[in-house]
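> This is the structure, below, for whatever I ask next.
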Amino acid sequence: MTSKAITFTLLVAAIGFLGAAAVVPVWAEGGDTAALAAALKNATATLQGGLKASEAQGTPISAKFEIEDGKLQLSVYTMKGNDFMEVVADPSTGAISKAEKITDADDLKEATEQKAAMTKAKVPLLNATEKAVNANAGSKAVSIVPELKNGQATAEVMLLQGTAFKKVTEKLD
């Protein structure tokens with residue numbers, strides 16, 4: 001094999017690896033996606049249920065299952081006026097365990113970006129999540145995060161089927 005062929009092969013392999021890495025949820029504590037997938041097997045609550053329950057604290061602007069301090073939780077960011085809240089639900093029951101105002105600078109930045117996308121959205125996150133799950137039989141929604149792409153409101157939905165994560169994009173306008 002020539003050096004050009006080897007270089008090309010390595011480049012293709014690297015692109016394939018990076019493409020696969022792009023669908024790994026970054027909120028798995030320590031990057032342990034296997035632990036996140038395993039924890040989700042025992043979760044009876046759904047992302048959709050968390051979105052519905054969080055509406056008592058405002059309009060949901062993102063939601064995700066995450067491992068925090070070694071425990072699985074369902075976290076939903078909401079907005080009400082200019083205030084942002086993080087609503088945390090128990091993954092076993094779906095019941096809200098706490099709701100607190102977002103004050104961390106990085107979290108506020110994320111919430112502000114999500115609010116900008118949701119301001120242009122015509123489709124609620126709950127509907128977009130249900131559409132993604134229905135189009136991917138056997139999958140469970142792990143997260144939904146809205147964003148603006150070329151001025152259009154979209155949402156990145158992370159799904160889990162077995163131990164495989166898959167990212168899909170849903171239009172929100």
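Just so we're on the same page: first chain in the structure tokens is A, next is B, and so on; residues restart at 1 for each chain, and ligands are numbered from 1 in the order they show up.
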Run DSSP on the backbone and give me the residues of region 65-131 of chain A it puts in strand (DSSP E), as a list in words.
Phe65, Glu66, Ile67, Glu68, Lys71, Leu72, Gln73, Leu74, Ser75, Val76, Tyr77, Thr78, Met79, Lys80, Asp83, Phe84, Met85, Glu86, Val87, Val88, Ala89, Ile96, Ser97, Lys98, Ala99, Glu100 and Lys101 of chain A
> Output N, CA, C and O atoms for every residue in that selection, as a short mmCIF file (atom, residue, chain, number, x, y, z; two decimals), in the first residue's frame.

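again-v1.cif was written with the following content:
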```cif
data_model
loop_
_atom_site.label_atom_id
_atom_site.label_comp_id
_atom_site.auth_asym_id
_atom_site.auth_seq_id
_atom_site.Cartn_x
_atom_site.Cartn_y
_atom_site.Cartn_z
N PHE A 65 -32.00 13.18 30.56
CA PHE A 65 -31.61 12.27 31.62
C PHE A 65 -30.11 12.44 31.77
O PHE A 65 -29.39 12.57 30.78
N GLU A 66 -29.63 12.47 33.00
CA GLU A 66 -28.20 12.62 33.25
C GLU A 66 -27.82 11.90 34.52
O GLU A 66 -28.67 11.63 35.37
N ILE A 67 -26.54 11.57 34.61
CA ILE A 67 -26.03 11.00 35.85
C ILE A 67 -25.29 12.13 36.57
O ILE A 67 -24.35 12.70 36.03
N GLU A 68 -25.81 12.46 37.74
CA GLU A 68 -25.21 13.52 38.55
C GLU A 68 -24.93 12.96 39.94
O GLU A 68 -25.82 12.38 40.56
N LYS A 71 -25.94 9.37 40.44
CA LYS A 71 -27.35 8.98 40.39
C LYS A 71 -28.01 9.51 39.13
O LYS A 71 -27.76 10.64 38.71
N LEU A 72 -28.91 8.69 38.57
CA LEU A 72 -29.67 9.12 37.41
C LEU A 72 -30.73 10.12 37.83
O LEU A 72 -31.38 9.95 38.87
N GLN A 73 -30.89 11.17 37.04
CA GLN A 73 -31.96 12.13 37.27
C GLN A 73 -32.47 12.64 35.93
O GLN A 73 -31.80 12.51 34.91
N LEU A 74 -33.66 13.18 35.95
CA LEU A 74 -34.27 13.79 34.77
C LEU A 74 -34.33 15.29 35.04
O LEU A 74 -34.98 15.73 35.99
N SER A 75 -33.60 16.06 34.24
CA SER A 75 -33.48 17.50 34.43
C SER A 75 -34.16 18.22 33.27
O SER A 75 -33.90 17.93 32.10
N VAL A 76 -35.04 19.17 33.61
CA VAL A 76 -35.74 19.96 32.60
C VAL A 76 -35.51 21.43 32.90
O VAL A 76 -35.73 21.88 34.03
N TYR A 77 -35.04 22.18 31.91
CA TYR A 77 -34.93 23.63 32.05
C TYR A 77 -36.26 24.23 31.58
O TYR A 77 -36.81 23.81 30.56
N THR A 78 -36.76 25.20 32.36
CA THR A 78 -37.99 25.89 31.98
C THR A 78 -37.75 27.39 32.00
O THR A 78 -36.81 27.88 32.62
N MET A 79 -38.65 28.10 31.32
CA MET A 79 -38.60 29.56 31.35
C MET A 79 -39.98 30.08 31.70
O MET A 79 -41.00 29.51 31.32
N LYS A 80 -39.97 31.16 32.46
CA LYS A 80 -41.21 31.88 32.79
C LYS A 80 -40.81 33.34 32.84
O LYS A 80 -40.06 33.75 33.73
N ASP A 83 -37.14 34.50 33.82
CA ASP A 83 -36.55 33.59 34.80
C ASP A 83 -36.40 32.19 34.21
O ASP A 83 -37.26 31.72 33.47
N PHE A 84 -35.31 31.54 34.59
CA PHE A 84 -35.05 30.17 34.18
C PHE A 84 -35.01 29.29 35.43
O PHE A 84 -34.43 29.67 36.44
N MET A 85 -35.60 28.10 35.32
CA MET A 85 -35.62 27.15 36.43
C MET A 85 -35.07 25.82 35.92
O MET A 85 -35.25 25.47 34.75
N GLU A 86 -34.43 25.08 36.84
CA GLU A 86 -34.11 23.69 36.57
C GLU A 86 -35.05 22.86 37.43
O GLU A 86 -35.08 22.99 38.65
N VAL A 87 -35.83 22.03 36.76
CA VAL A 87 -36.79 21.16 37.42
C VAL A 87 -36.21 19.75 37.35
O VAL A 87 -35.89 19.26 36.27
N VAL A 88 -36.04 19.11 38.50
CA VAL A 88 -35.46 17.77 38.56
C VAL A 88 -36.54 16.79 38.98
O VAL A 88 -37.23 17.00 39.99
N ALA A 89 -36.67 15.72 38.17
CA ALA A 89 -37.67 14.69 38.46
C ALA A 89 -36.99 13.37 38.79
O ALA A 89 -35.91 13.07 38.29
N ILE A 96 -41.66 15.41 40.57
CA ILE A 96 -40.71 16.50 40.72
C ILE A 96 -40.09 16.42 42.11
O ILE A 96 -40.81 16.41 43.12
N SER A 97 -38.76 16.35 42.17
CA SER A 97 -38.08 16.29 43.47
C SER A 97 -37.54 17.65 43.89
O SER A 97 -37.38 17.91 45.08
N LYS A 98 -37.25 18.52 42.92
CA LYS A 98 -36.83 19.88 43.26
C LYS A 98 -36.95 20.77 42.03
O LYS A 98 -36.94 20.31 40.90
N ALA A 99 -37.07 22.05 42.31
CA ALA A 99 -37.10 23.07 41.27
C ALA A 99 -36.36 24.27 41.84
O ALA A 99 -36.70 24.76 42.91
N GLU A 100 -35.34 24.71 41.11
CA GLU A 100 -34.57 25.85 41.60
C GLU A 100 -34.20 26.77 40.45
O GLU A 100 -34.05 26.34 39.31
N LYS A 101 -34.06 28.04 40.81
CA LYS A 101 -33.69 29.06 39.83
C LYS A 101 -32.27 28.79 39.34
O LYS A 101 -31.39 28.43 40.12
#
```
> Would you pick out the contacts of Leu126 (chain A) at 7 Å or less, using only C-alpha atoms, so that residues sharing its chain but fewer than 4 positions from it are not included, and give the list as number ranges by chain?
A: 48, 51, 130
> Using only C-alpha atoms, can you tell me which of A:Ala63, A:Ala43, A:Ala135, A:Ala117 comes closest to Gly94 (chain A)?
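So, comparing all the options, the nearest one is A:Ala43.
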> I'd like the interatomic distance between CA of Ala164 (chain A) and CA of Ala121 (chain A), to a tenth of an Å.
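One can read the CA of Ala164 (chain A) to CA of Ala121 (chain A) distance as 28.8 Å.
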> Looking at A:Ala45, A:Ala155, A:Asn134, A:Val123, which one is nearest to Pro91 (chain A), with distances taken over only C-alpha atoms?
A:Ala45
> Compare A:Glu170, A:Asp106, A:Glu55, A:Asp69 by their minimum atom-to-atom distance to Glu147 (chain A), counting only C-alpha atoms, and give me the closest one.
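Nearest to Glu147 (chain A): A:Glu170.
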> Please run DSSP on the backbone and report, as a ChimeraX atom specification, all residues within chain A that come out as alpha helix (DSSP H).
/A:3-21,33-41,47-54,105-120,125-135
> Measuring atom to atom with only C-alpha atoms, identify which of A:Ala137, A:Thr129, A:Gly49, A:Gly151 is nearest to Thr169 (chain A).
A:Thr129
> Pick out the closest residue to Gln161 (chain A) from this set: A:Leu47, A:Val133, A:Ala53, A:Ala128. Count only C-alpha atoms.
A:Val133
> With distances taken over only C-alpha atoms, which of A:Val145, A:Met118, A:Ala35, A:Ile102 is nearest to Ser62 (chain A)?
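Of A:Val145, A:Met118, A:Ala35, A:Ile102, the one nearest Ser62 (chain A), counting only C-alpha atoms, is A:Val145.
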